[in-house]
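Everything below concerns the one structure shown next.
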Amino acid sequence: MPTIQKQTGAHFTPPDLAAVVAERIAPHVEAMRGAARILDPACGDGNLLVAMASALSAARLRRCTLSGVEEDAESFALLRRRIEALPALATDLVCGDFLDIVDDASLYSSAPRLPLSDAIIANPPYVRTQVLGAARAQALASRFDLRGRVDLYQAFLVAMTRQLRPGGVLGVITSNRFLTTRGGASIRHFLRSRYELLEIVDLGDTKLFEAAVLPALVFARKRCGERDSLRAERTAFVRIYESVDGIRDNAEQVSSVTDLVRRPRTGRFIVRDRSYDVAAGTLEMDSDDARPWTLLTSKENSWVEQVRAKATCRIADVARIRVGIKTTADSVFIRDDWEELPQAVRPAAHHLKPVLSHDDAARWRRRVTSSAARMVLYTHEVRNGKRRAIRFDERSATWRYLLANRERLESRTYVVDAGRHWYEIWVPQDPQGWSVPKIVFPDISPEPRFFLDRGGSVVDGNCYWITTRDLADEELLLLILGVANSSVIARFHELAFPNKLYSQRRRYLTQYVGEYPLPARDSREAKQIVKAVRVLTGAAVSPAEIASLQLEIDELTAAAFGVGAERCAFED
C-alpha cells in the first residue's frame with residue numbers, strides 16, 4: 001500500500017521556501033486597491049500563510065483576509081493554532097477538500113462556497129495516476145476537464161484558477177516536470193493561455209524537499225480576457241542545479257539556496273558543502289506548447305541554436321527509437337538461473353533470449369556484468385508478417401513453466417482484459433527487431449551511455465534502443481552512436497532538455513534523444529567519427545586508446561557543429 005504521504009501527495013513547505021514565495025507575491029498584494037483575500041488551498045500546517053502575513057506591511061495586512069483549506073484534521077488543528085497566534089487579522093479557515101469545495105457548480109452559482117481570491121499561494125499535492133487509482137483519476141479528469149495522465153496537482157491548478165479573480169496573482173510550488181516533458185504540454189498550454197507568466201524558478205536538484213519530486217516555482221497573473229491573452233510578454237526565469245564538476249574556483253559563497261532565488265544572477269555559487277550553477281534570464285515561450293520550455297540565458301540559447309543550425313537532420317528523421325520490453329512480471333520472465341530449474345519446467349533454449357538492462361550500459365560497448373547470464377522467456381513471434389503470441393506446445397517444458405506461474409501471470413488482469421493471452425509479455429515490441437544491429441541506452445543515467453549491440457539481445461524496459469530506418473545502413477548507426485556519446489551532445493541535452501533528477505542523473509527519453517542533431521554525413525568530420533567509432537566497437541581496445549578516441553570524437557563533433565569542444569561555462 002502507498003504511504004499516507006504518497007497517497008495524499010503532502011510535502012509541507014519548508015519555512016525558508018515559503019518566505020521566498022510570499023516575498024514574490026507580497027508586492028502585488030500591496031499594490032491592490034481595497035480589501036484583498038489571500039488563499040492557500042492545501043495549507044498543511046500553514047507555513048505559506050504565516051509567511052504571507054510576515055511579508056505584508058501592517059497596513060496592508062489589516063485589509064486582508066487569510067483564507068486556508070486543509071483536509072487533514074490534525075494538520076488543520078495546528079494550522080488554526082498558528083494563525084490564531086498571529087496579530088489580529090481576518091481569517092477564513094476551512095477543514096475540507098478544496099477540490100470538493102470548488103466544483104463545477106461554482107462556475108454558475110451566484111454564491112460560491114468560497115469567495116473568489118485576489119491572490120493564491122500554494123504547494124498543491126503531487127500524486128501521479130498510478131497512486132491515485134484509475135477511478136479517481138477518471139473522476140478528476142471529468143470534473144476538471146483534464147487530458148492525458150492525470151495528476152492531483154493538475155486538478156488543483158484548474159480549481160485554483162477558477163477560484164482566482166481576473167487580474168489576481170498566483171504563486172505555486174509544483175514539480176518541474178511540466179517544463180520539459182511531452183506529458184506537460186497540457187499544463188504549459190493551460191498556464192500560457194490563462195495567465196501572464198511573471199517568473200518561473202526551476203529549483204532542480206537543490207533538495208529543498210524530502211520528496212523525490214524536483215520542484216519549480218511559478219508566479220503568474222490571471223488574464224482578464226482574450227485581448228489580454230494576446231499581449232506580448234516576457235517571463236523571467238531562474239534555474240538552479242548542483243554543478244556537475246564540483247569546481248569551486250571563483251565561486252561565490254552564499255548562505256542558502258533561497259538566497260539565490262531572492263537575488264538571482266548567473267554564475268556558480270557555494271552553499272555549505274555543495275556548489276550550484278545558476279542561470280537567470282528571460283524565457284521566450286514557443287507558440288507550440290508541445291515543445292518544452294527551456295530556461296536558457298541568451299548565450300546558452302545562441303549555443304543551442306548554433307548546433308541546430310549546423311545539423312542536416314535529427315536522429316528521429318533517420319532512425320526509430322523505442323523503449324524496451326515491459327513484462328510486468330519480471331520475476332517470472334527474466335532470470336539468470338534458468339539452467340538450475342528442473343528439466344521438466346526448464347523452458348526450451350529457443351524460447352530464451354539474452355536481455356540487456358541498464359546495468360549493462362556503458363559508452364560504446366556493453367559492460368561486462370553479472371547480468372550477462374540474464375535471459376528472458378520471450379513469448380512472441382512474427383507469422384505471416386504479423387506479431388503474435390507463440391502458441392506453445394502444451395506438452396513442452398516451456399508451457400509447464402508458464403502453468404506453474406499461472407496464478408502470478410493471471411493476476412495481471414489488464415492483459416486478459418485487453419484480449420491477450422494470460423501468459424504474454426505485456427509490451428513485447430518487435431520480435432524481428434532484436435536481430436539487427438542497434439544502439440542501446442538506459443532511460444536514466446548521469447552521463448551518455450549509448451552502446452552498440454550486434455548480438456541479437458532483447459532490450460529491457462529500463463532502456464531504449466535505436467535502429468536506422470534503413471536497417472543495412474551501419475555507417476549511419478555508427479555516426480549516431482558517436483554523436484550521441486560526445487561531450488557536445490551531452491551539453492546540448494543538458495541545456496535543451498533539463499529534465500534532471502537527483503544525484504546528477506538525467507532522463508534519456510525518446511522525445512529528447514530523437515531531437516539530437518546530426519552533422520552532414522558526407523562531411524570530413526562525420527566520416528572520421530564513423531571511423532573512430534568502428535574502432536571503439538570492434539576488437540578489444542586499451543583504456544588509453546579509448547580515452548584518445550573519445551577526445552577525437554568530441555573534437556570532431558564540435559567542429560561539425562561549429563562550437564568549442566570544451567564544456568561551455570556561459571555567463572551573461
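Identifiers in the C-alpha cells: chain A, B, ... in order shown; residue index from 1 per chain; ligand index from 1 in order shown.
Every residue of region 309-424 of chain A found in alpha helix (DSSP H) when DSSP is run on the backbone appears here: A:Ala309, A:Lys310, A:Ile315, A:Ala316, A:Asp317, A:Val318, A:Asp330, A:Ser331, A:Val332, A:Phe333, A:Ala397, A:Thr398, A:Trp399, A:Arg400, A:Tyr401, A:Leu402, A:Leu403, A:Ala404, A:Arg406, A:Glu407, A:Arg408, A:Leu409, A:Glu410, A:Thr413, A:Tyr414, A:Val415, A:Val416, A:Asp417.
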Mind checking which residues fall within 9 Å of Gly96 (chain A), counting only C-alpha atoms, ignoring those fewer than 6 positions away in the same chain, and posting them as a tab-separated table (two decimals) with C-alpha atoms, in the first residue's frame?
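Done, and the output landed in result_16.tsv:
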chain	number	residue	atom	x	y	z
A	69	VAL	CA	-8.27	24.98	3.26
A	70	GLU	CA	-6.81	21.77	4.70
A	71	GLU	CA	-8.29	18.29	4.53
A	72	ASP	CA	-6.25	16.58	7.26
A	73	ALA	CA	-7.84	17.24	10.67
Please list as number ranges by chain every residue within 9 Å of region 514-522 of chain A, counting only C-alpha atoms and excluding residues in the same chain fewer than 5 positions away. A: 307-308, 310-317, 319-321, 476, 479-480, 483-484, 489, 492-493, 509, 527, 557, 560-561
Those same residues - C-alpha atoms - I'd like them written as a tab-separated table (two decimals), in the first residue's frame.
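Final output, saved to selection.tsv:
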chain	number	residue	atom	x	y	z
A	307	VAL	CA	24.29	23.43	-33.02
A	308	ARG	CA	20.81	23.07	-34.50
A	310	LYS	CA	24.65	23.21	-38.41
A	311	ALA	CA	22.66	19.97	-38.33
A	312	THR	CA	21.30	18.39	-41.51
A	313	CYS	CA	18.74	16.27	-39.66
A	314	ARG	CA	17.74	14.87	-36.29
A	315	ILE	CA	18.08	11.28	-35.10
A	316	ALA	CA	14.27	10.92	-35.27
A	317	ASP	CA	14.39	11.75	-39.00
A	319	ALA	CA	16.09	6.25	-37.09
A	320	ARG	CA	13.49	4.67	-34.82
A	321	ILE	CA	13.77	4.95	-31.04
A	476	LEU	CA	24.65	5.88	-40.07
A	479	LEU	CA	27.57	8.11	-36.69
A	480	ILE	CA	24.56	8.30	-34.37
A	483	VAL	CA	27.47	11.92	-31.84
A	484	ALA	CA	25.21	10.72	-29.00
A	489	ILE	CA	25.63	16.50	-27.37
A	492	PHE	CA	23.14	20.06	-25.81
A	493	HIS	CA	20.97	17.62	-23.83
A	509	LEU	CA	13.66	9.78	-23.33
A	527	LYS	CA	33.43	10.21	-41.78
A	557	THR	CA	31.66	16.68	-33.23
A	560	ALA	CA	31.00	19.61	-37.23
A	561	PHE	CA	28.62	21.88	-35.30
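With only C-alpha atoms as the atoms that count, the residue of A:Asn176, A:Thr467, A:Ser75, A:Asn47 with the shortest distance to Asn499 (chain A) is A:Asn176.
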His358 (chain A): which residues within 8 Å, counting only C-alpha atoms, same-chain residues fewer than 3 positions away excluded, as a PyMOL selection string? chain A and resi 361+441-443+460+462-463
Between region 292-335 of chain A and region 421-424 of chain A, at 10 Å or less, what are the per-residue closest atom pairs and their distances in Å? Count only C-alpha atoms, order by chain and rising residue number, and return it as JSON lines.
{"residue": "A:Thr327", "atom": "CA", "partner": "A:Glu424", "partner_atom": "CA", "distance": 7.9}
{"residue": "A:Thr328", "atom": "CA", "partner": "A:Glu424", "partner_atom": "CA", "distance": 9.8}
{"residue": "A:Ala329", "atom": "CA", "partner": "A:Glu424", "partner_atom": "CA", "distance": 9.9}
{"residue": "A:Phe333", "atom": "CA", "partner": "A:Glu424", "partner_atom": "CA", "distance": 9.6}
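The two atoms in question, CA of Ile187 (chain A) and CA of Leu17 (chain A), are spaced 22.9 Å apart.
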Taken to one decimal, the CA of Gln154 (chain A)-CA of Val213 (chain A) distance is 14.9 Å
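Minimum atom-to-atom distances from A:Leu501, A:Ile325, A:Met160, A:Ala540 to Pro215 (chain A) were compared using only C-alpha atoms, and the lowest value belongs to A:Leu501.
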